[in-house]
$ cat input_32.csv   # CSV, C-alpha atoms and all ligand atoms
chain,number,residue,atom,x,y,z
C,1,MET,CA,72.7,63.1,-60.8
C,2,GLU,CA,76.0,61.3,-60.9
C,3,SER,CA,79.2,62.0,-59.0
C,4,LYS,CA,82.6,60.4,-60.0
C,5,THR,CA,85.7,60.1,-57.9
C,6,ALA,CA,88.9,58.7,-59.3
C,7,TYR,CA,91.3,56.2,-57.6
C,8,ASP,CA,94.3,54.2,-58.8
C,9,VAL,CA,93.0,51.1,-57.1
C,10,ILE,CA,89.6,50.2,-55.8
C,11,ILE,CA,89.5,47.1,-53.6
C,12,ILE,CA,86.2,45.4,-53.2
C,13,GLY,CA,86.0,43.5,-49.9
C,14,GLY,CA,87.6,44.3,-46.6
C,15,GLY,CA,88.8,40.9,-45.4
C,16,ALA,CA,92.4,39.9,-44.9
C,17,ALA,CA,93.1,39.9,-48.6
C,18,GLY,CA,91.5,43.3,-49.2
C,19,MET,CA,93.1,45.0,-46.3
C,20,SER,CA,96.5,43.5,-47.1
C,21,ALA,CA,96.1,44.7,-50.7
C,22,ALA,CA,95.1,48.2,-49.4
C,23,GLN,CA,98.2,48.4,-47.2
C,24,TYR,CA,100.6,47.4,-49.9
C,25,ALA,CA,99.0,49.6,-52.6
C,26,ALA,CA,98.8,52.7,-50.4
C,27,ARG,CA,102.4,52.2,-49.4
C,28,SER,CA,103.3,52.3,-53.1
C,29,SER,CA,101.8,55.8,-53.1
C,30,LEU,CA,98.7,54.8,-55.0
C,31,ARG,CA,95.3,56.3,-54.3
C,32,VAL,CA,93.4,53.4,-52.8
C,33,LEU,CA,89.8,52.9,-51.7
C,34,VAL,CA,88.5,49.8,-50.0
C,35,ILE,CA,84.8,49.2,-50.3
C,36,GLU,CA,83.2,46.8,-47.8
C,37,GLU,CA,79.5,46.2,-47.4
C,38,LYS,CA,79.7,45.0,-43.8
C,39,ALA,CA,82.3,45.5,-41.1
C,40,GLU,CA,85.9,45.1,-42.2
C,41,GLY,CA,87.7,41.9,-41.3
C,42,GLY,CA,85.8,39.3,-43.3
C,43,GLN,CA,85.9,35.8,-42.0
C,44,ALA,CA,88.8,36.7,-39.7
C,45,VAL,CA,86.5,38.6,-37.3
C,46,LEU,CA,84.7,35.3,-36.5
C,47,ILE,CA,87.9,33.7,-35.2
C,48,ASP,CA,87.9,33.7,-31.5
C,49,LYS,CA,91.7,33.2,-31.1
C,50,LEU,CA,93.8,33.5,-34.2
C,51,GLU,CA,96.9,31.5,-33.3
C,52,ASN,CA,98.4,30.4,-36.6
C,53,TYR,CA,99.2,33.7,-38.3
C,54,PRO,CA,103.0,33.8,-38.4
C,55,GLY,CA,104.7,36.3,-36.2
C,56,ILE,CA,101.8,37.2,-33.8
C,57,GLY,CA,103.2,35.3,-30.8
C,58,GLU,CA,100.3,35.1,-28.4
C,59,PRO,CA,96.9,34.3,-30.0
C,60,VAL,CA,94.9,37.4,-30.9
C,61,ASN,CA,91.2,37.9,-31.2
C,62,GLY,CA,90.1,37.9,-34.9
C,63,PHE,CA,88.2,41.2,-34.5
C,64,ASP,CA,91.2,42.9,-32.9
C,65,PHE,CA,93.4,41.5,-35.7
C,66,ALA,CA,91.0,43.0,-38.3
C,67,VAL,CA,91.0,46.4,-36.5
C,68,THR,CA,94.8,46.5,-36.5
C,69,MET,CA,94.9,45.5,-40.2
C,70,LYS,CA,92.5,48.3,-41.1
C,71,LYS,CA,94.5,50.9,-39.0
C,72,GLN,CA,97.7,49.8,-40.7
C,73,ALA,CA,96.2,50.3,-44.1
C,74,GLU,CA,94.8,53.7,-43.1
C,75,ASN,CA,98.1,54.8,-41.7
C,76,PHE,CA,99.6,54.2,-45.2
C,77,GLY,CA,96.8,56.4,-46.7
C,78,ALA,CA,94.1,53.9,-47.8
C,79,GLU,CA,90.5,55.1,-47.7
C,80,PHE,CA,87.6,53.0,-46.6
C,81,LEU,CA,83.9,53.2,-47.6
C,82,ARG,CA,81.1,51.1,-46.2
C,83,THR,CA,78.6,50.4,-49.0
C,84,LYS,CA,77.6,47.8,-51.5
C,85,VAL,CA,79.1,47.6,-55.0
C,86,THR,CA,76.5,47.0,-57.6
C,87,GLY,CA,78.6,46.9,-60.8
C,88,ILE,CA,82.0,47.1,-62.4
C,89,ASP,CA,82.1,48.4,-66.0
C,90,LYS,CA,85.0,49.1,-68.3
C,91,SER,CA,85.4,52.9,-68.8
C,92,GLY,CA,88.4,54.4,-70.7
C,93,LYS,CA,91.6,53.0,-69.3
C,94,GLY,CA,90.0,51.8,-66.1
C,95,TYR,CA,86.7,50.8,-64.5
C,96,GLU,CA,83.6,52.5,-63.4
C,97,ILE,CA,82.4,51.2,-60.1
C,98,SER,CA,78.7,51.6,-59.2
C,99,ILE,CA,77.9,51.8,-55.6
C,100,GLU,CA,74.7,51.9,-53.6
C,101,ASP,CA,74.0,55.3,-52.3
C,102,ASN,CA,74.0,55.3,-48.5
C,103,ASP,CA,73.1,58.9,-47.9
C,104,SER,CA,69.6,58.3,-49.2
C,105,SER,CA,69.9,61.3,-51.6
C,106,GLY,CA,68.7,59.1,-54.5
C,107,GLU,CA,72.0,59.8,-56.3
C,108,THR,CA,73.6,57.1,-58.3
C,109,LYS,CA,77.2,57.1,-57.2
C,110,LYS,CA,80.0,56.1,-59.6
C,111,LEU,CA,83.6,55.8,-58.7
C,112,TYR,CA,86.4,55.4,-61.1
C,113,SER,CA,89.6,53.4,-60.8
C,114,LEU,CA,92.4,52.2,-63.1
C,115,VAL,CA,92.6,48.8,-61.3
C,116,VAL,CA,90.0,46.8,-59.4
C,117,ILE,CA,91.1,44.1,-56.9
C,118,VAL,CA,88.2,41.8,-56.1
C,119,ALA,CA,88.5,40.3,-52.7
C,120,THR,CA,84.9,39.5,-51.8
C,121,GLY,CA,85.7,36.0,-50.5
C,122,ALA,CA,83.6,32.9,-50.3
C,123,GLU,CA,80.9,31.9,-47.9
C,124,HIS,CA,80.7,28.5,-46.2
C,125,ARG,CA,77.5,26.7,-47.2
C,126,LYS,CA,75.2,26.3,-44.2
C,127,LEU,CA,73.1,23.2,-43.3
C,128,GLY,CA,70.2,25.5,-42.2
C,129,ILE,CA,69.2,23.2,-39.3
C,130,PRO,CA,68.2,24.1,-35.8
C,131,GLY,CA,71.2,24.8,-33.6
C,132,GLU,CA,73.6,25.7,-36.4
C,133,LYS,CA,73.3,29.4,-35.8
C,134,GLU,CA,72.7,29.3,-32.1
C,135,TYR,CA,75.8,27.2,-31.4
C,136,TYR,CA,78.1,28.9,-33.9
C,137,GLY,CA,81.4,29.6,-32.0
C,138,LYS,CA,80.2,27.3,-29.2
C,139,GLY,CA,81.1,24.1,-30.9
C,140,VAL,CA,79.8,24.7,-34.4
C,141,SER,CA,82.6,25.6,-36.8
C,142,TYR,CA,83.4,25.9,-40.5
C,143,CYS,CA,87.2,25.9,-40.0
C,144,ALA,CA,89.1,22.9,-38.5
C,145,THR,CA,92.5,24.6,-38.6
C,146,CYS,CA,91.1,27.6,-36.7
C,147,ASP,CA,88.9,25.8,-34.1
C,148,GLY,CA,90.1,22.2,-34.0
C,149,PRO,CA,92.8,22.8,-31.4
C,150,PHE,CA,90.1,23.9,-28.9
C,151,PHE,CA,88.6,20.4,-29.0
C,152,ARG,CA,91.7,18.3,-28.4
C,153,ASN,CA,90.7,14.9,-27.0
C,154,LYS,CA,87.0,15.8,-27.3
C,155,LYS,CA,84.2,14.2,-29.4
C,156,ILE,CA,84.2,15.8,-32.8
C,157,ALA,CA,81.7,15.3,-35.7
C,158,VAL,CA,82.4,16.3,-39.3
C,159,ILE,CA,79.6,16.8,-41.8
C,160,GLY,CA,80.1,16.4,-45.6
C,161,GLY,CA,81.5,13.9,-48.0
C,162,GLY,CA,83.8,16.0,-50.3
C,163,ASP,CA,87.6,16.6,-50.2
C,164,ALA,CA,87.2,19.3,-47.5
C,165,ALA,CA,85.2,17.1,-45.1
C,166,CYS,CA,87.6,14.1,-45.6
C,167,ASP,CA,90.8,16.2,-45.4
C,168,GLU,CA,89.6,18.0,-42.3
C,169,ALA,CA,88.4,14.8,-40.6
C,170,SER,CA,91.9,13.4,-41.1
C,171,PHE,CA,93.4,16.7,-39.7
C,172,LEU,CA,91.0,16.5,-36.7
C,173,SER,CA,91.9,12.9,-36.0
C,174,ARG,CA,95.4,14.1,-35.0
C,175,LEU,CA,93.8,16.1,-32.2
C,176,THR,CA,91.4,13.4,-30.9
C,177,ASP,CA,90.8,9.7,-31.4
C,178,ASN,CA,87.0,10.4,-31.5
C,179,VAL,CA,86.0,11.8,-34.8
C,180,THR,CA,82.7,10.8,-36.5
C,181,ILE,CA,82.1,11.8,-40.2
C,182,ILE,CA,78.5,11.9,-41.3
C,183,HIS,CA,77.6,12.0,-44.9
C,184,ARG,CA,74.2,11.8,-46.7
C,185,LYS,CA,75.4,9.5,-49.5
C,186,PRO,CA,76.5,5.8,-49.4
C,187,GLY,CA,80.0,6.8,-50.3
C,188,PHE,CA,82.3,9.8,-50.3
C,189,ARG,CA,82.5,12.2,-53.2
C,190,ALA,CA,86.1,13.1,-52.2
C,191,GLN,CA,89.0,12.0,-54.4
C,192,LYS,CA,89.8,8.3,-53.7
C,193,ALA,CA,93.1,8.9,-52.0
C,194,VAL,CA,91.6,11.5,-49.7
C,195,ALA,CA,88.5,9.3,-48.9
C,196,ASP,CA,90.7,6.2,-48.4
C,197,LYS,CA,92.7,7.9,-45.7
C,198,VAL,CA,89.4,8.5,-43.8
C,199,LEU,CA,88.1,5.0,-44.4
C,200,SER,CA,91.3,3.4,-43.1
C,201,ASN,CA,91.8,5.7,-40.1
C,202,PRO,CA,90.8,3.8,-36.9
C,203,LYS,CA,90.2,7.2,-35.1
C,204,ILE,CA,87.4,8.1,-37.6
C,205,ARG,CA,84.0,6.5,-37.5
C,206,VAL,CA,82.0,6.8,-40.7
C,207,ILE,CA,78.2,7.2,-40.8
C,208,PHE,CA,76.8,7.1,-44.4
C,209,ASN,CA,73.3,7.6,-45.7
C,210,THR,CA,72.6,10.0,-42.8
C,211,VAL,CA,71.7,13.6,-42.3
C,212,VAL,CA,72.0,15.8,-39.2
C,213,THR,CA,68.6,17.2,-38.3
C,214,GLU,CA,69.5,19.2,-35.3
C,215,ILE,CA,72.5,20.4,-33.3
C,216,LYS,CA,71.7,20.3,-29.6
C,217,GLY,CA,73.3,22.1,-26.8
C,218,GLY,CA,73.9,21.2,-23.2
C,219,GLU,CA,73.5,23.2,-19.9
C,220,ASN,CA,76.9,24.9,-20.5
C,221,GLY,CA,75.4,26.6,-23.6
C,222,ALA,CA,77.7,24.7,-26.0
C,223,VAL,CA,77.2,21.8,-28.4
C,224,SER,CA,76.4,18.5,-26.7
C,225,SER,CA,74.8,16.2,-29.3
C,226,LEU,CA,73.6,15.7,-32.8
C,227,ALA,CA,70.2,14.4,-33.9
C,228,LEU,CA,70.5,12.2,-36.9
C,229,ARG,CA,68.2,10.6,-39.5
C,230,ASN,CA,69.1,7.6,-41.6
C,231,ILE,CA,67.7,8.5,-45.1
C,232,GLN,CA,67.3,4.9,-46.1
C,233,ASN,CA,65.1,3.7,-43.3
C,234,GLY,CA,64.1,7.0,-41.8
C,235,GLU,CA,65.3,6.0,-38.3
C,236,GLY,CA,66.3,8.7,-36.0
C,237,SER,CA,69.2,8.6,-33.5
C,238,GLU,CA,71.4,10.9,-31.4
C,239,ILE,CA,75.2,11.0,-30.9
C,240,PRO,CA,77.0,12.9,-28.2
C,241,CYS,CA,79.6,15.4,-29.5
C,242,ASP,CA,81.4,18.5,-28.3
C,243,ALA,CA,82.1,20.1,-31.7
C,244,VAL,CA,80.7,19.8,-35.2
C,245,PHE,CA,82.7,20.9,-38.2
C,246,ILE,CA,80.5,21.5,-41.3
C,247,PHE,CA,82.2,21.1,-44.7
C,248,ILE,CA,79.4,21.0,-47.3
C,249,GLY,CA,81.0,23.3,-49.8
C,250,MET,CA,81.7,27.0,-50.3
C,251,THR,CA,80.0,29.6,-52.4
C,252,PRO,CA,82.4,32.1,-53.9
C,253,ARG,CA,81.0,35.6,-54.1
C,254,THR,CA,81.6,36.3,-57.7
C,255,GLU,CA,78.3,38.1,-58.7
C,256,LEU,CA,80.2,41.2,-59.6
C,257,THR,CA,82.7,39.5,-61.9
C,258,ALA,CA,80.7,37.4,-64.3
C,259,THR,CA,83.1,38.2,-67.2
C,260,VAL,CA,86.3,36.9,-65.6
C,261,LYS,CA,87.3,33.2,-66.1
C,262,MET,CA,86.3,30.9,-63.3
C,263,ASP,CA,86.9,27.2,-62.6
C,264,SER,CA,84.1,24.6,-62.5
C,265,ASN,CA,83.4,25.4,-58.9
C,266,GLY,CA,82.9,29.0,-59.6
C,267,TYR,CA,86.2,30.3,-58.2
C,268,ILE,CA,88.1,33.0,-60.1
C,269,ILE,CA,91.2,31.7,-62.0
C,270,THR,CA,94.2,33.9,-61.6
C,271,ASP,CA,97.9,33.6,-62.6
C,272,GLU,CA,100.5,33.8,-59.9
C,273,ASN,CA,100.3,37.6,-60.0
C,274,MET,CA,96.7,37.5,-59.1
C,275,ALA,CA,95.7,38.7,-62.6
C,276,THR,CA,92.3,37.5,-63.8
C,277,SER,CA,91.5,36.9,-67.5
C,278,VAL,CA,90.4,40.6,-67.7
C,279,PRO,CA,93.3,43.2,-67.8
C,280,GLY,CA,93.2,45.5,-64.8
C,281,ILE,CA,91.0,43.2,-62.7
C,282,TYR,CA,92.9,41.2,-60.0
C,283,ALA,CA,91.5,38.7,-57.5
C,284,ALA,CA,92.8,37.9,-54.0
C,285,GLY,CA,91.8,35.7,-51.2
C,286,ASP,CA,89.1,33.0,-50.9
C,287,ILE,CA,87.4,34.0,-54.1
C,288,ARG,CA,90.4,32.7,-56.0
C,289,ALA,CA,90.8,29.1,-57.2
C,290,LYS,CA,93.5,27.8,-54.9
C,291,PRO,CA,94.3,24.8,-52.7
C,292,PHE,CA,94.5,26.4,-49.2
C,293,ARG,CA,92.2,29.1,-47.8
C,294,GLN,CA,93.6,30.8,-44.7
C,295,VAL,CA,94.1,34.3,-43.3
C,296,VAL,CA,97.8,34.1,-44.1
C,297,THR,CA,97.2,33.0,-47.7
C,298,ALA,CA,94.6,35.7,-48.2
C,299,ALA,CA,97.0,38.4,-46.9
C,300,SER,CA,99.7,37.0,-49.2
C,301,ASP,CA,97.3,37.2,-52.2
C,302,GLY,CA,96.4,40.8,-51.3
C,303,ALA,CA,100.1,41.8,-51.2
C,304,ILE,CA,100.8,40.2,-54.6
C,305,ALA,CA,97.7,41.7,-56.2
C,306,ALA,CA,98.7,45.2,-54.9
C,307,HIS,CA,102.2,44.8,-56.3
C,308,SER,CA,100.8,43.6,-59.7
C,309,ALA,CA,98.4,46.5,-59.7
C,310,ALA,CA,101.2,49.0,-59.2
C,311,GLU,CA,103.1,47.5,-62.1
C,312,TYR,CA,100.0,47.5,-64.3
C,313,ILE,CA,99.4,51.2,-63.6
C,314,SER,CA,103.0,52.1,-64.2
C,315,ASN,CA,102.9,50.3,-67.6
C,316,LEU,CA,99.6,52.0,-68.4
C,317,ASN,CA,101.0,55.4,-67.6
C,318,ALA,CA,104.2,54.7,-69.6
C,319,SER,CA,102.1,53.7,-72.6
C,320,THR,CA,100.0,56.8,-72.3
C,321,GLU,CA,103.1,59.1,-72.2
C,322,LYS,CA,104.5,57.6,-75.4
L,401,LIG,P1,82.2,19.7,-52.4
L,401,LIG,O1,81.2,20.5,-53.1
L,401,LIG,O2,83.2,18.9,-53.2
L,401,LIG,O3,81.5,18.7,-51.4
L,401,LIG,C1,80.5,19.1,-50.6
L,401,LIG,C2,80.0,17.9,-49.8
L,401,LIG,O4,79.0,18.3,-48.9
L,401,LIG,C3,79.4,16.8,-50.7
L,401,LIG,O5,79.7,15.6,-50.2
L,401,LIG,C4,77.9,17.1,-50.5
L,401,LIG,O6,77.1,15.9,-50.6
L,401,LIG,C5,77.8,17.6,-49.1
L,401,LIG,N1,76.7,18.5,-49.0
L,401,LIG,C6,76.3,19.6,-49.7
L,401,LIG,N2,75.2,20.1,-49.2
L,401,LIG,C7,74.8,19.4,-48.2
L,401,LIG,C8,73.8,19.4,-47.2
L,401,LIG,N3,72.9,20.4,-47.3
L,401,LIG,N4,73.7,18.5,-46.3
L,401,LIG,C9,74.6,17.5,-46.2
L,401,LIG,N5,75.6,17.4,-47.0
L,401,LIG,C10,75.8,18.3,-48.0
L,401,LIG,O7,82.9,20.8,-51.4
L,401,LIG,P2,84.3,20.8,-50.7
L,401,LIG,O8,84.4,22.0,-49.9
L,401,LIG,O9,84.6,19.5,-50.1
L,401,LIG,O10,85.4,21.0,-51.9
L,401,LIG,C11,85.2,22.1,-52.8
L,401,LIG,C12,86.3,22.1,-53.8
L,401,LIG,O11,87.6,22.2,-53.2
L,401,LIG,C13,86.3,20.7,-54.6
L,401,LIG,O12,86.7,20.9,-55.9
L,401,LIG,C14,87.4,20.0,-53.9
L,401,LIG,O13,88.1,19.0,-54.7
L,401,LIG,C15,88.4,21.1,-53.5
L,401,LIG,N6,89.2,20.7,-52.3
L,401,LIG,C16,90.3,20.0,-52.6
L,401,LIG,C17,91.0,19.5,-51.5
L,401,LIG,C18,92.1,18.6,-51.8
L,401,LIG,O14,92.5,18.4,-53.0
L,401,LIG,N7,92.8,18.0,-50.8
L,401,LIG,C19,90.7,19.9,-50.1
L,401,LIG,C20,89.5,20.7,-50.0
L,401,LIG,C21,88.8,21.1,-51.1
L,401,LIG,P3,76.8,15.1,-52.0
L,401,LIG,O15,78.1,14.3,-52.2
L,401,LIG,O16,75.7,14.3,-51.6
L,401,LIG,O17,76.6,16.2,-53.0
$ encode --input "input_32.csv" --output "structure tokens"
Amino acid sequence: MESKTAYDVIIIGGGAAGMSAAQYAARSSLRVLVIEEKAEGGQAVLIDKLENYPGIGEPVNGFDFAVTMKKQAENFGAEFLRTKVTGIDKSGKGYEISIEDNDSSGETKKLYSLVVIVATGAEHRKLGIPGEKEYYGKGVSYCATCDGPFFRNKKIAVIGGGDAACDEASFLSRLTDNVTIIHRKPGFRAQKAVADKVLSNPKIRVIFNTVVTEIKGGENGAVSSLALRNIQNGEGSEIPCDAVFIFIGMTPRTELTATVKMDSNGYIITDENMATSVPGIYAAGDIRAKPFRQVVTAASDGAIAAHSAAEYISNLNASTEK
């Protein structure tokens, strides 16, 4: 059996981009559903103290921030559903969204929407070494802007050799004069200008040809050192550190949107209205090809996507009435 429910806008992903889109779309009197597989809030819920979102004054906990965003969207009339989306298919003027049944009735659930906003984000690639999970939030971080300020004047290590690792190492060197960047190759992969900034920075020590084999903790339950292995001679060593920032790439979660245009890194290409290459499908937040991924830029993307969705639907309705 199949059941179908119709919406104006279905937003896939309940992070900052999705919830901002929900709020703006619902406030435009559109019927809106946000589908999120896990708890709403996305990466923001992992932020202990969110202190760089404009207008919040005192730092707020990321989880509390997410709860407020959801409440705000609900107050404007957005609906939320916790389940997994398994497919997006063109159907008539809009899209049919297949979702995993979570009432175990064996029913295939299909929802219908004129517009889809994809806000499923991107995941930080993990090293997968001992200590990485255990000390996450206790010195292990994937966001220098979010967590760097907690390690002012401390010993900071950065892992990776791309633009993100080099950029963030430079950023972190403004907070401490004790940054060590560790990369597995003999040279950086980052753009020359970005890499040169690191290589000429006296506050940054560079260790090439080396991998981190373990993140170790101290008696206080936080990161205290890194076990290293030189991949040329196999020699092991250990360096003390208070925080380790891991920048070994991101994986955008685009498995649902294989038909939209993406860049060479797999991020969805949009125009400034958040429109993808497929009419009626918009993308917002970290899944989108863009230079700066932050809660504030995700929220901004969401608002723009919702505004564009409203215009698209209004044009769609106008063309149907003709
Ligand atoms: P990249 O994929 O460019 O770099 C990832 C780095 O991590 C590489 O040096 C890679 O090593 C290393 N790495 C990957 N897996 C492992 C592992 N398991 N163990 C150790 N090291 C590992 O990712 P970025 O996030 O740096 O950048 C992504 C995209 O965003 C790029 O296109 C980049 O140009 C762009 N960007 C641009 C910025 C700018 O212009 N200022 C800033 C930030 C990002 P190896 O080199 O050996 O493969």
$ closest_residue --input "input_32.csv" --among "C:Ile156, C:Ala16, C:Ala275, C:Val9" --to "C:Ile313" --atoms "only C-alpha atoms"
C:Val9
$ atom_distance --input "input_32.csv" --atom1 "atom CA of C:Arg229" --atom2 "atom CA of C:Val158"
15.3 Å
$ residues_around --input "input_32.csv" --residues "C:Gly14" --least-positions-apart "4" --cutoff "8 Å" --atoms "all atoms listed in the file" --output "list in words"
Gly18, Met19, Val34, Ile35, Glu36, Ala39, Glu40, Gly41, Gly42, Ala119 and Thr120 of chain C
$ residues_near_ligand --input "input_32.csv" --ligand "ligand LIG 401 (chain L)" --cutoff "10 Å" --atoms "all atoms listed in the file" --output "PyMOL selection string"
chain C and resi 124-129+159-168+182-191+193-195+209-213+246-251+263-267+289-293
$ residues_around --input "input_32.csv" --residues "C:Asp301" --least-positions-apart "5" --cutoff "7 Å" --atoms "all atoms listed in the file" --output "PDB file with C-alpha atoms, in the coordinates of the input"
ATOM      1  CA  ALA C  17      93.100  39.900 -48.600  1.00  0.00           C
ATOM      2  CA  MET C 274      96.700  37.500 -59.100  1.00  0.00           C
ATOM      3  CA  ALA C 284      92.800  37.900 -54.000  1.00  0.00           C
ATOM      4  CA  GLY C 285      91.800  35.700 -51.200  1.00  0.00           C
TER       5      GLY C 285
END
$ residues_around --input "input_32.csv" --residues "C:Tyr112" --least-positions-apart "2" --cutoff "6 Å" --atoms "only C-alpha atoms" --output "PyMOL selection string"
chain C and resi 5-6+95-97
$ write_last_selection --input "input_32.csv" --atoms "C-alpha atoms" --output "CSV table (one decimal), in the frame of the given file"
chain,number,residue,atom,x,y,z
C,5,THR,CA,85.7,60.1,-57.9
C,6,ALA,CA,88.9,58.7,-59.3
C,95,TYR,CA,86.7,50.8,-64.5
C,96,GLU,CA,83.6,52.5,-63.4
C,97,ILE,CA,82.4,51.2,-60.1
$ atom_distance --input "input_32.csv" --atom1 "atom CA of C:Ala44" --atom2 "atom CA of C:Ala283"
18.1 Å
$ decode --input "input_32.csv" --residues "stretch 184-191 of chain C" --atoms "all heavy atoms" --output "PDB file, in the first residue's frame"
ATOM      1  N   ARG C 184      50.935  13.703   5.892  1.00  0.00           N
ATOM      2  CA  ARG C 184      51.510  12.397   5.521  1.00  0.00           C
ATOM      3  C   ARG C 184      52.420  12.444   4.290  1.00  0.00           C
ATOM      4  O   ARG C 184      53.165  11.508   4.036  1.00  0.00           O
ATOM      5  CB  ARG C 184      50.385  11.389   5.309  1.00  0.00           C
ATOM      6  CG  ARG C 184      49.426  11.739   4.176  1.00  0.00           C
ATOM      7  CD  ARG C 184      48.273  10.753   4.125  1.00  0.00           C
ATOM      8  NE  ARG C 184      47.327  11.096   3.057  1.00  0.00           N
ATOM      9  CZ  ARG C 184      46.213  10.415   2.832  1.00  0.00           C
ATOM     10  NH1 ARG C 184      45.882   9.400   3.585  1.00  0.00           N
ATOM     11  NH2 ARG C 184      45.402  10.774   1.856  1.00  0.00           N
ATOM     12  N   LYS C 185      52.337  13.532   3.508  1.00  0.00           N
ATOM     13  CA  LYS C 185      53.141  13.649   2.278  1.00  0.00           C
ATOM     14  C   LYS C 185      54.377  14.524   2.521  1.00  0.00           C
ATOM     15  O   LYS C 185      54.465  15.217   3.525  1.00  0.00           O
ATOM     16  CB  LYS C 185      52.280  14.302   1.191  1.00  0.00           C
ATOM     17  CG  LYS C 185      51.121  13.434   0.693  1.00  0.00           C
ATOM     18  CD  LYS C 185      51.508  12.661  -0.569  1.00  0.00           C
ATOM     19  CE  LYS C 185      50.475  11.627  -0.955  1.00  0.00           C
ATOM     20  NZ  LYS C 185      49.222  12.198  -1.434  1.00  0.00           N
ATOM     21  N   PRO C 186      55.309  14.551   1.545  1.00  0.00           N
ATOM     22  CA  PRO C 186      56.488  15.411   1.720  1.00  0.00           C
ATOM     23  C   PRO C 186      56.204  16.886   1.447  1.00  0.00           C
ATOM     24  O   PRO C 186      57.073  17.743   1.631  1.00  0.00           O
ATOM     25  CB  PRO C 186      57.491  14.862   0.701  1.00  0.00           C
ATOM     26  CG  PRO C 186      56.689  14.093  -0.282  1.00  0.00           C
ATOM     27  CD  PRO C 186      55.423  13.668   0.376  1.00  0.00           C
ATOM     28  N   GLY C 187      55.015  17.216   0.989  1.00  0.00           N
ATOM     29  CA  GLY C 187      54.668  18.617   0.722  1.00  0.00           C
ATOM     30  C   GLY C 187      53.169  18.789   0.805  1.00  0.00           C
ATOM     31  O   GLY C 187      52.420  17.804   0.751  1.00  0.00           O
ATOM     32  N   PHE C 188      52.750  20.051   0.922  1.00  0.00           N
ATOM     33  CA  PHE C 188      51.313  20.303   1.027  1.00  0.00           C
ATOM     34  C   PHE C 188      50.612  20.160  -0.317  1.00  0.00           C
ATOM     35  O   PHE C 188      51.187  20.471  -1.357  1.00  0.00           O
ATOM     36  CB  PHE C 188      51.062  21.712   1.575  1.00  0.00           C
ATOM     37  CG  PHE C 188      51.438  21.860   3.017  1.00  0.00           C
ATOM     38  CD1 PHE C 188      52.343  22.846   3.419  1.00  0.00           C
ATOM     39  CD2 PHE C 188      50.890  21.022   3.982  1.00  0.00           C
ATOM     40  CE1 PHE C 188      52.685  22.987   4.747  1.00  0.00           C
ATOM     41  CE2 PHE C 188      51.233  21.159   5.322  1.00  0.00           C
ATOM     42  CZ  PHE C 188      52.135  22.145   5.700  1.00  0.00           C
ATOM     43  N   ARG C 189      49.353  19.769  -0.256  1.00  0.00           N
ATOM     44  CA  ARG C 189      48.521  19.724  -1.446  1.00  0.00           C
ATOM     45  C   ARG C 189      47.835  21.090  -1.649  1.00  0.00           C
ATOM     46  O   ARG C 189      47.356  21.402  -2.736  1.00  0.00           O
ATOM     47  CB  ARG C 189      47.453  18.649  -1.222  1.00  0.00           C
ATOM     48  CG  ARG C 189      46.320  18.646  -2.189  1.00  0.00           C
ATOM     49  CD  ARG C 189      45.098  18.087  -1.497  1.00  0.00           C
ATOM     50  NE  ARG C 189      45.191  16.640  -1.379  1.00  0.00           N
ATOM     51  CZ  ARG C 189      44.388  15.811  -2.044  1.00  0.00           C
ATOM     52  NH1 ARG C 189      43.469  16.279  -2.824  1.00  0.00           N
ATOM     53  NH2 ARG C 189      44.499  14.515  -1.884  1.00  0.00           N
ATOM     54  N   ALA C 190      47.825  21.903  -0.598  1.00  0.00           N
ATOM     55  CA  ALA C 190      47.120  23.201  -0.636  1.00  0.00           C
ATOM     56  C   ALA C 190      47.668  24.097  -1.748  1.00  0.00           C
ATOM     57  O   ALA C 190      48.799  23.910  -2.212  1.00  0.00           O
ATOM     58  CB  ALA C 190      47.284  23.893   0.707  1.00  0.00           C
ATOM     59  N   GLN C 191      46.863  25.089  -2.147  1.00  0.00           N
ATOM     60  CA  GLN C 191      47.312  26.074  -3.131  1.00  0.00           C
ATOM     61  C   GLN C 191      48.619  26.704  -2.618  1.00  0.00           C
ATOM     62  O   GLN C 191      48.760  26.913  -1.409  1.00  0.00           O
ATOM     63  CB  GLN C 191      46.280  27.182  -3.281  1.00  0.00           C
ATOM     64  CG  GLN C 191      44.898  26.706  -3.662  1.00  0.00           C
ATOM     65  CD  GLN C 191      43.869  27.747  -3.343  1.00  0.00           C
ATOM     66  OE1 GLN C 191      43.845  28.806  -3.943  1.00  0.00           O
ATOM     67  NE2 GLN C 191      43.000  27.472  -2.376  1.00  0.00           N
TER      68      GLN C 191
END
